[in-house]
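Source file: protein.txt. Holds: compact mmCIF, C-alpha atoms.
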# COMPACT_ATOMS: atom_id res chain seq x y z
CA ASN A 24 34.82 117.73 39.21
CA ILE A 25 33.43 119.81 42.06
CA GLU A 26 35.72 118.29 44.67
CA MET A 27 38.86 119.27 42.76
CA ALA A 28 37.47 122.71 41.88
CA TYR A 29 36.80 123.48 45.54
CA LYS A 30 40.24 122.22 46.54
CA ILE A 31 41.90 124.60 44.05
CA TYR A 32 39.73 127.47 45.28
CA SER A 33 40.48 126.72 48.94
CA GLU A 34 44.23 126.73 48.28
CA ASN A 35 44.10 130.02 46.37
CA ARG A 36 41.22 131.96 47.89
CA GLU A 37 43.43 134.85 49.06
CA ARG A 38 44.60 135.42 45.47
CA ILE A 39 41.09 135.36 43.96
CA THR A 40 39.83 138.89 44.46
CA ALA A 41 38.23 139.97 41.16
CA ILE A 42 34.53 140.80 41.43
CA SER A 43 33.96 138.78 38.25
CA SER A 44 34.97 135.62 40.12
CA GLU A 45 32.43 136.01 42.93
CA ILE A 46 29.47 134.55 41.02
CA VAL A 47 31.53 131.50 40.07
CA ILE A 48 32.76 131.08 43.66
CA ALA A 49 29.20 131.49 44.96
CA GLY A 50 28.08 128.69 42.66
CA LEU A 51 30.93 126.48 43.82
CA ASN A 52 30.00 127.13 47.45
CA ILE A 53 26.40 126.15 46.75
CA SER A 54 27.60 122.87 45.23
CA VAL A 55 29.65 122.00 48.32
CA LYS A 56 26.75 123.10 50.58
CA ARG A 57 28.59 126.10 52.07
CA ILE A 58 25.38 128.05 51.69
CA GLU A 59 26.11 131.02 53.95
CA GLU A 60 29.40 131.72 52.18
CA ALA A 61 27.56 131.49 48.85
CA LEU A 62 25.01 133.99 50.14
CA GLU A 63 27.73 136.43 51.17
CA LYS A 64 29.50 136.20 47.80
CA SER A 65 26.25 136.59 45.84
CA LYS A 66 25.13 139.63 47.82
CA HIS A 67 28.49 141.33 47.44
CA ALA A 68 28.52 140.65 43.70
CA LEU A 69 25.00 142.06 43.32
CA MET A 70 25.88 145.31 45.12
CA GLU A 71 29.03 145.77 43.05
CA TYR A 72 27.29 145.08 39.74
CA GLN A 73 24.35 147.33 40.61
CA SER A 74 26.77 150.19 41.20
CA LEU A 75 28.45 149.44 37.85
CA LYS A 76 25.06 149.05 36.11
CA ILE A 77 25.97 145.88 34.20
CA PRO A 78 22.62 144.15 33.47
CA GLU A 79 24.05 140.73 32.49
CA SER A 80 26.01 140.55 35.73
CA ILE A 81 23.12 141.86 37.82
CA ARG A 82 20.96 139.08 36.41
CA ALA A 83 23.65 136.49 37.15
CA SER A 84 23.75 137.75 40.76
CA TYR A 85 19.98 137.48 41.11
CA ILE A 86 20.08 133.92 39.75
CA LYS A 87 22.78 132.92 42.20
CA LEU A 88 20.88 134.48 45.12
CA GLY A 89 17.82 132.54 44.00
CA GLU A 90 19.84 129.33 43.98
CA VAL A 91 21.06 130.08 47.49
CA MET A 92 17.49 130.63 48.72
CA LEU A 93 16.31 127.46 46.99
CA ALA A 94 19.10 125.50 48.67
CA ARG A 95 18.06 127.03 52.02
CA SER A 96 14.44 125.94 51.40
CA LYS A 97 13.30 129.58 51.31
CA LEU A 98 11.07 129.05 48.31
CA GLU A 99 9.30 132.42 48.18
CA ASP A 100 12.59 134.30 48.35
CA ALA A 101 14.09 132.04 45.68
CA LEU A 102 11.19 132.66 43.31
CA GLU A 103 11.42 136.41 43.88
CA TYR A 104 15.08 136.47 42.83
CA PHE A 105 14.42 134.28 39.77
CA LEU A 106 11.60 136.60 38.70
CA LEU A 107 13.83 139.64 39.17
CA ALA A 108 16.43 137.99 36.95
CA ASP A 109 13.78 137.11 34.37
CA LYS A 110 12.64 140.76 34.15
CA ILE A 111 16.06 142.05 33.08
CA ASN A 112 15.93 142.44 29.32
CA ILE A 113 19.13 141.71 27.44
CA ALA A 114 19.21 142.07 23.66
CA LYS A 115 21.32 139.00 23.01
CA PRO A 116 19.79 135.69 24.20
CA MET A 117 21.94 133.97 26.80
CA LEU A 118 21.94 130.54 28.40
CA ASP A 119 21.34 131.98 31.85
CA SER A 120 17.91 133.13 30.58
CA VAL A 121 17.05 129.44 30.13
CA TYR A 122 18.56 128.60 33.51
CA THR A 123 16.46 131.30 35.21
CA VAL A 124 13.21 130.00 33.76
CA ILE A 125 14.04 126.38 34.65
CA LEU A 126 14.87 127.29 38.25
CA ALA A 127 11.65 129.31 38.56
CA GLY A 128 9.74 126.27 37.28
CA ILE A 129 11.45 123.95 39.76
CA THR A 130 10.63 126.33 42.59
CA ARG A 131 6.96 126.53 41.56
CA TYR A 132 6.77 122.73 41.37
CA ILE A 133 8.19 122.32 44.88
CA GLN A 134 5.76 124.99 46.09
CA GLY A 135 2.95 122.92 44.60
CA ASP A 136 1.76 124.71 41.45
CA LEU A 137 2.17 122.10 38.71
CA SER A 138 0.44 124.22 36.07
CA ASP A 139 2.70 127.23 36.69
CA ALA A 140 5.73 124.93 36.59
CA LEU A 141 4.52 123.50 33.26
CA MET A 142 4.27 127.03 31.87
CA TYR A 143 7.90 127.72 32.80
CA CYS A 144 8.84 124.37 31.21
CA GLU A 145 7.29 125.40 27.91
CA ARG A 146 9.17 128.71 27.97
CA GLY A 147 12.45 127.08 28.93
CA THR A 148 12.19 124.46 26.19
CA ALA A 149 11.51 127.09 23.53
CA MET A 150 14.38 129.29 24.74
CA ALA A 151 16.83 126.37 24.87
CA GLY A 152 15.83 125.38 21.34
CA GLU A 153 16.44 128.92 20.05
CA LEU A 154 19.92 128.87 21.59
CA TYR A 155 20.62 125.34 20.29
CA SER A 156 21.31 124.28 23.88
CA ARG A 157 20.32 120.66 23.37
CA GLU A 158 21.34 119.59 26.88
CA TRP A 159 18.91 122.03 28.51
CA GLU A 160 16.24 121.43 25.87
CA VAL A 161 16.27 117.72 26.71
CA PHE A 162 16.31 118.39 30.45
CA ASN A 163 13.36 120.78 30.15
CA LEU A 164 11.36 118.12 28.33
CA PHE A 165 12.31 115.58 30.99
CA PHE A 166 11.22 118.00 33.72
CA LYS A 167 7.91 118.44 31.87
CA THR A 168 7.56 114.65 31.89
CA ARG A 169 8.12 114.60 35.64
CA LEU A 170 5.37 117.19 36.07
CA LEU A 171 2.97 115.25 33.84
CA PHE A 172 3.77 112.13 35.88
CA GLU A 173 2.78 114.00 39.04
CA ALA A 174 -0.47 114.95 37.29
CA GLY A 175 -1.17 111.30 36.46
CA ALA A 176 -0.78 111.71 32.67
CA TYR A 177 1.16 108.46 32.38
CA GLY A 178 0.31 107.85 28.71
CA LYS A 179 1.69 111.27 27.75
CA CYS A 180 4.83 110.49 29.76
CA ILE A 181 5.43 107.35 27.71
CA VAL A 182 5.20 109.30 24.44
CA MET A 183 7.52 112.05 25.70
CA LEU A 184 10.10 109.69 27.15
CA GLU A 185 10.29 107.71 23.91
CA LYS A 186 10.86 111.01 22.11
CA LEU A 187 13.59 111.90 24.63
CA LEU A 188 15.42 108.64 23.93
CA SER A 189 15.58 109.61 20.26
CA MET A 190 16.83 113.08 21.18
CA LEU A 191 19.58 111.67 23.40
CA SER A 192 20.81 109.60 20.49
CA LEU A 193 20.48 112.42 17.96
CA TYR A 194 22.29 114.98 20.11
CA LYS A 195 24.81 112.45 21.49
CA ILE A 196 23.97 113.33 25.10
CA GLU A 197 25.74 110.76 27.25
CA ASN A 198 24.59 109.10 30.47
CA GLY A 199 20.91 110.00 30.11
CA GLU A 200 19.56 106.73 28.76
CA ARG A 201 19.50 104.82 32.06
CA VAL A 202 17.40 107.50 33.76
CA ILE A 203 15.05 107.97 30.79
CA TYR A 204 14.53 104.21 30.42
CA SER A 205 13.89 103.92 34.17
CA TRP A 206 11.19 106.60 34.05
CA LEU A 207 9.76 105.09 30.86
CA ALA A 208 9.43 101.78 32.69
CA ARG A 209 7.78 103.50 35.65
CA SER A 210 5.34 105.27 33.33
CA PHE A 211 4.35 101.94 31.76
CA ILE A 212 3.81 100.48 35.25
CA TYR A 213 1.61 103.36 36.39
CA ASN A 214 -0.26 103.26 33.07
CA GLY A 215 -1.23 99.66 33.81
CA ASN A 216 1.36 97.92 31.61
CA TYR A 217 3.17 96.28 34.55
CA THR A 218 4.96 93.53 32.69
CA VAL A 219 6.23 95.91 29.99
CA GLY A 220 7.65 98.23 32.64
CA LEU A 221 9.31 95.41 34.58
CA ARG A 222 10.77 93.97 31.38
CA ILE A 223 12.43 97.31 30.59
CA LEU A 224 13.84 97.52 34.13
CA GLU A 225 15.29 94.00 33.88
CA HIS A 226 17.63 95.16 31.11
CA LEU A 227 19.03 98.10 33.10
CA GLY A 228 22.09 98.04 35.34
CA ARG A 229 21.69 98.03 39.09
CA SER A 230 20.61 101.29 40.63
CA PHE A 231 18.51 102.45 43.55
CA LEU A 232 16.03 103.98 41.10
CA LYS A 233 15.60 100.67 39.30
CA ALA A 234 14.99 98.88 42.61
CA VAL A 235 12.28 101.30 43.75
CA PHE A 236 10.52 101.31 40.39
CA SER A 237 10.72 97.50 40.22
CA ALA A 238 9.15 97.30 43.68
CA GLU A 239 6.30 99.50 42.45
CA GLY A 240 5.79 97.16 39.49
CA TYR A 241 5.73 94.02 41.62
CA TYR A 242 3.37 95.74 44.07
CA ARG A 243 0.95 96.59 41.25
CA LEU A 244 1.19 92.95 40.06
CA GLY A 245 0.36 91.77 43.59
CA ASP A 246 3.74 90.08 44.14
CA TYR A 247 4.51 91.79 47.46
CA LYS A 248 7.40 89.50 48.42
CA LYS A 249 9.31 90.29 45.23
CA ALA A 250 8.62 93.97 45.80
CA VAL A 251 10.10 93.74 49.31
CA ARG A 252 13.20 91.94 48.04
CA ALA A 253 13.80 94.59 45.39
CA ILE A 254 14.01 97.42 47.93
CA GLU A 255 15.79 95.41 50.63
CA GLU A 256 18.57 94.46 48.22
CA ALA A 257 18.91 98.06 47.09
CA ASN A 258 19.06 99.32 50.67
CA SER A 259 21.88 96.93 51.49
CA THR A 260 24.02 97.31 48.37
CA VAL A 261 23.05 100.33 46.30
CA TRP A 262 21.84 103.20 48.49
CA ASP A 263 25.25 104.12 49.91
CA ARG A 264 26.52 104.78 46.40
CA ALA A 265 23.32 106.59 45.42
CA SER A 266 23.53 108.70 48.55
CA ALA A 267 27.12 109.65 47.70
CA GLU A 268 25.85 111.24 44.51
CA TYR A 269 24.13 113.83 46.68
CA ARG A 270 27.35 114.97 48.39
CA PHE A 271 27.16 118.02 46.15
CA LEU A 272 24.21 120.13 45.05
CA PRO A 273 23.77 120.29 41.25
CA GLY A 274 25.48 122.94 39.19
CA GLU A 275 24.87 124.23 35.68
CA ARG A 276 25.60 120.96 33.85
CA ILE A 277 23.08 118.15 33.78
CA LEU A 278 24.16 114.97 35.56
CA TRP A 279 21.71 112.20 34.74
CA GLN A 280 21.61 110.40 38.08
CA ASP A 281 18.03 109.56 39.00
CA GLY A 282 15.67 112.23 37.68
CA TYR A 283 15.38 113.82 41.12
CA TYR A 284 18.87 115.24 41.56
CA HIS A 285 18.50 118.32 39.33
CA ILE A 286 14.96 119.05 40.52
CA GLU A 287 14.21 118.27 44.18
CA GLY A 288 17.96 117.84 44.76
CA ARG A 289 18.51 121.61 44.44
CA CYS A 290 16.78 122.09 47.78
CA LEU A 291 18.69 120.95 50.86
CA GLY A 292 15.39 120.16 52.58
CA LEU A 293 14.73 117.45 49.96
CA ALA A 294 18.14 116.46 48.56
CA ASP A 295 19.17 112.91 49.45
CA SER A 296 15.98 112.36 51.47
CA MET A 297 12.81 112.47 49.38
CA LEU A 298 13.46 109.40 47.21
CA LYS A 299 14.80 107.42 50.20
CA ARG A 300 11.86 108.42 52.39
CA TYR A 301 9.41 107.36 49.70
CA SER A 302 11.19 104.03 49.17
CA ASP A 303 11.25 103.42 52.94
CA SER A 304 7.53 104.22 53.21
CA LEU A 305 6.78 101.85 50.35
CA LEU A 306 8.93 99.15 51.98
CA TRP A 307 7.18 99.49 55.35
CA PHE A 308 3.78 99.37 53.62
CA LEU A 309 4.91 96.19 51.84
CA TYR A 310 6.07 94.75 55.16
CA PHE A 311 2.54 95.25 56.42
CA LEU A 312 1.08 93.54 53.36
CA THR A 313 3.40 90.56 53.89
CA GLY A 314 2.46 90.13 57.56
CA ARG A 315 5.28 92.04 59.28
CA LYS A 316 3.03 94.59 60.95
CA LYS A 317 5.32 95.53 63.85
CA LYS A 318 8.28 96.16 61.54
CA ALA A 319 6.05 98.34 59.36
CA LEU A 320 4.69 100.41 62.25
CA ASP A 321 8.12 100.82 63.86
CA GLY A 322 9.50 102.15 60.58
CA PHE A 323 6.75 104.73 60.13
CA GLU A 324 6.92 105.83 63.77
CA ASP A 325 10.68 106.37 63.51
CA MET A 326 10.22 108.37 60.30
CA LEU A 327 7.67 110.68 61.92
CA LYS A 328 10.19 111.51 64.64
CA THR A 329 12.49 113.04 62.02
CA LYS A 330 12.00 116.46 60.43
CA ILE A 331 10.03 116.24 57.18
CA GLN A 332 9.68 119.42 55.15
CA GLU A 333 6.05 120.50 54.81
CA PHE A 334 6.68 121.22 51.12
CA ASP A 335 7.92 117.68 50.37
CA PRO A 336 5.89 116.80 47.25
CA HIS A 337 5.34 113.25 48.55
CA LEU A 338 4.48 114.06 52.18
CA HIS A 339 0.87 112.92 51.76
CA TYR A 340 2.09 109.60 50.30
CA TYR A 341 3.99 108.84 53.51
CA TYR A 342 0.95 109.63 55.68
CA TYR A 343 -1.37 107.60 53.45
CA LEU A 344 0.87 104.51 53.37
CA TYR A 345 1.18 104.71 57.16
CA SER A 346 -2.61 105.02 57.52
CA GLU A 347 -3.08 101.84 55.48
CA CYS A 348 -1.03 99.96 58.08
CA LEU A 349 -3.16 101.15 60.98
CA GLU A 350 -6.34 99.30 59.99
CA GLY A 351 -9.08 100.30 62.48
CA GLU A 352 -7.04 103.26 63.74
CA ARG A 353 -6.30 104.85 60.39
CA PHE A 354 -8.66 107.86 60.57
CA THR A 355 -6.22 110.39 62.08
CA MET A 356 -3.34 109.60 59.75
CA LEU A 357 -5.63 109.38 56.72
CA ASN A 358 -7.09 112.77 57.61
CA ARG A 359 -3.56 114.16 57.75
CA ALA A 360 -2.76 112.71 54.30
CA TRP A 361 -6.00 114.13 52.89
CA LYS A 362 -5.33 117.60 54.31
CA VAL A 363 -1.79 117.72 52.88
CA LEU A 364 -3.10 116.54 49.48
CA GLN A 365 -5.83 119.21 49.55
CA GLU A 366 -3.28 121.90 50.36
CA ARG A 367 -1.17 120.89 47.35
CA VAL A 368 -4.21 120.57 45.09
CA ASN A 369 -5.32 124.08 46.06
CA LYS A 370 -1.93 125.49 45.03
CA VAL A 371 -2.42 124.33 41.43
CA SER A 372 -3.70 127.33 39.47
CA SER A 373 -5.20 125.50 36.46
CA PRO A 374 -8.60 123.85 37.22
CA GLU A 375 -7.87 121.07 34.70
CA VAL A 376 -4.42 120.23 36.11
CA LYS A 377 -5.84 120.51 39.64
CA ARG A 378 -8.47 117.87 38.87
CA GLU A 379 -5.97 115.59 37.10
CA TYR A 380 -3.49 115.82 39.96
CA ARG A 381 -6.15 114.85 42.50
CA GLU A 382 -7.97 112.16 40.52
CA ARG A 383 -5.48 110.70 37.98
CA ASN A 384 -2.26 110.51 39.98
CA TYR A 385 -2.27 106.91 41.26
CA TRP A 386 -1.51 107.56 44.93
CA ASN A 387 -3.58 110.75 45.09
CA LYS A 388 -6.54 108.84 43.69
CA GLN A 389 -6.13 106.20 46.43
CA ILE A 390 -6.11 108.93 49.07
CA TYR A 391 -9.11 110.69 47.48
CA GLU A 392 -11.20 107.52 47.31
CA ARG A 393 -10.24 106.44 50.83
CA ALA A 394 -11.06 109.93 52.14
CA GLN A 395 -14.46 109.71 50.43
CA SER A 396 -15.16 106.36 52.09
CA TYR A 397 -14.43 107.99 55.47
CA LYS A 398 -16.57 111.02 54.54
CA LEU A 399 -13.59 113.40 54.78
CA THR A 400 -14.32 115.07 51.43

For the structure just supplied, provide its representation as structure tokens.
Amino acid sequence: NIEMAYKIYSENRERITAISSEIVIAGLNISVKRIEEALEKSKHALMEYQSLKIPESIRASYIKLGEVMLARSKLEDALEYFLLADKINIAKPMLDSVYTVILAGITRYIQGDLSDALMYCERGTAMAGELYSREWEVFNLFFKTRLLFEAGAYGKCIVMLEKLLSMLSLYKIENGERVIYSWLARSFIYNGNYTVGLRILEHLGRSFLKAVFSAEGYYRLGDYKKAVRAIEEANSTVWDRASAEYRFLPGERILWQDGYYHIEGRCLGLADSMLKRYSDSLLWFLYFLTGRKKKALDGFEDMLKTKIQEFDPHLHYYYYLYSECLEGERFTMLNRAWKVLQERVNKVSSPEVKREYRERNYWNKQIYERAQSYKLT
């Protein structure tokens, strides 16, 4: 209960003076988006612990500074702090070792290197297993699934998500099933099993995630009107509640909200915007396909007037979907989508993952083939 925790802290902040409390307070400030105060607390804790030469506490300070930088969208600085924390050797394995590796992996994913992020995932999963931290073991495997989804390995995602459902039951991890089933359905849809994916989604409770994934399924089936209705209904009744879930940045416990919250949601430049921006872009594209061209173009033009982070993993999707609505005038926007995709492809260090990301990811493949037809490649 972050709201109550911050209220207690605010009422007693003058009495909380121990250096040992500063890391906890820094984390609380990150959660309530008081990022500058979190930065101040983390820096002070690091200086104090460095003078006392306490390696566990120095590492905790580095992790917290990395979290602050990640929240501020300073990705290179964040990664540097996580790597500093990872280099501190402590004889007894600790959970914050797992946390460090996960955060480094999330940072590398947002930066664009899927293969590096996958490597951190493998490490984090093994470390969590050794510590019997089932919550983080499951989350690591889910994060790996998200990365494989980005790489277009939809069949592998199905296998992993079915395994995760068994693990949730075995380890009695609550509240994860809805998210895992939603992503399982999406994986079936992107793997070409549209009706299977939609059938799974039908049995889930209402959520913004379900609406967006259902719209994708109906789009792939060619039922554009149903796809439009799915997102429109979610926008009018569900998004306000979904948006409220992003009032706080995530902490050190996993909250199974939508599969984005504990990954992109750690970065203020993406939290509460990436999923909505993608769903809006998909909706406007669907408006175009159902004959509402002006409404589609107005939506995209309004979006481009807002600040979109250049490291948004779906930036090229937005440009591509807009270009598809421009018909004879699509070259400029398509070229922009292609350039952003190329930049992200070039950041992937593994040649195999690089190729898969460009040619197997559904939307990336559309961009690649359209770029080829316009001789942009």

Coordinates-based distance that separates CA of Gly199 (chain A) from CA of Val161 (chain A) (Å, one decimal)
9.6 Å

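Proximity ranking of A:Leu272, A:Ile129, A:Leu184, A:Leu69 relative to Ile53 (chain A) places A:Leu272 first, based on only C-alpha atoms.
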
List the neighbours of Lys316 (chain A) out to 10 Å using only C-alpha atoms; skip same-chain residues closer than 5 positions along the sequence, and give me the result as a ChimeraX atom specification.
/A:307-311,321-322,348-349

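Omitting region 392-396 of chain A and its sequence neighbours fewer than 4 positions away, and counting all atoms listed in the file, the residues within 10 Å are A:Tyr343, A:Glu347, A:Phe354, A:Leu357, A:Asn358, A:Ala360, A:Trp361, A:Lys362, A:Glu382, A:Trp386, A:Asn387, A:Lys388, A:Thr400.
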
Contacts of Ala140 (chain A) within 7 Å, all atoms listed in the file, excl. fewer than 4 positions in-chain, as a ChimeraX atom specification
/A:128-129,131-132,136,144

Need to verify the contact set: Phe172 (chain A), 10 Å, all atoms listed in the file, exclusion of same-chain residues closer than 4 positions in sequence. Can you return it as a PyMOL selection string?
chain A and resi 166-168+176-181+206+209-210+213+380+383-385

Shortest interatomic distance to Glu197 (chain A) - which of A:Asp335, A:Glu158, A:Glu71, A:Glu350, counting all atoms listed in the file
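Ranked by minimum distance to Glu197 (chain A), first place goes to A:Glu158.
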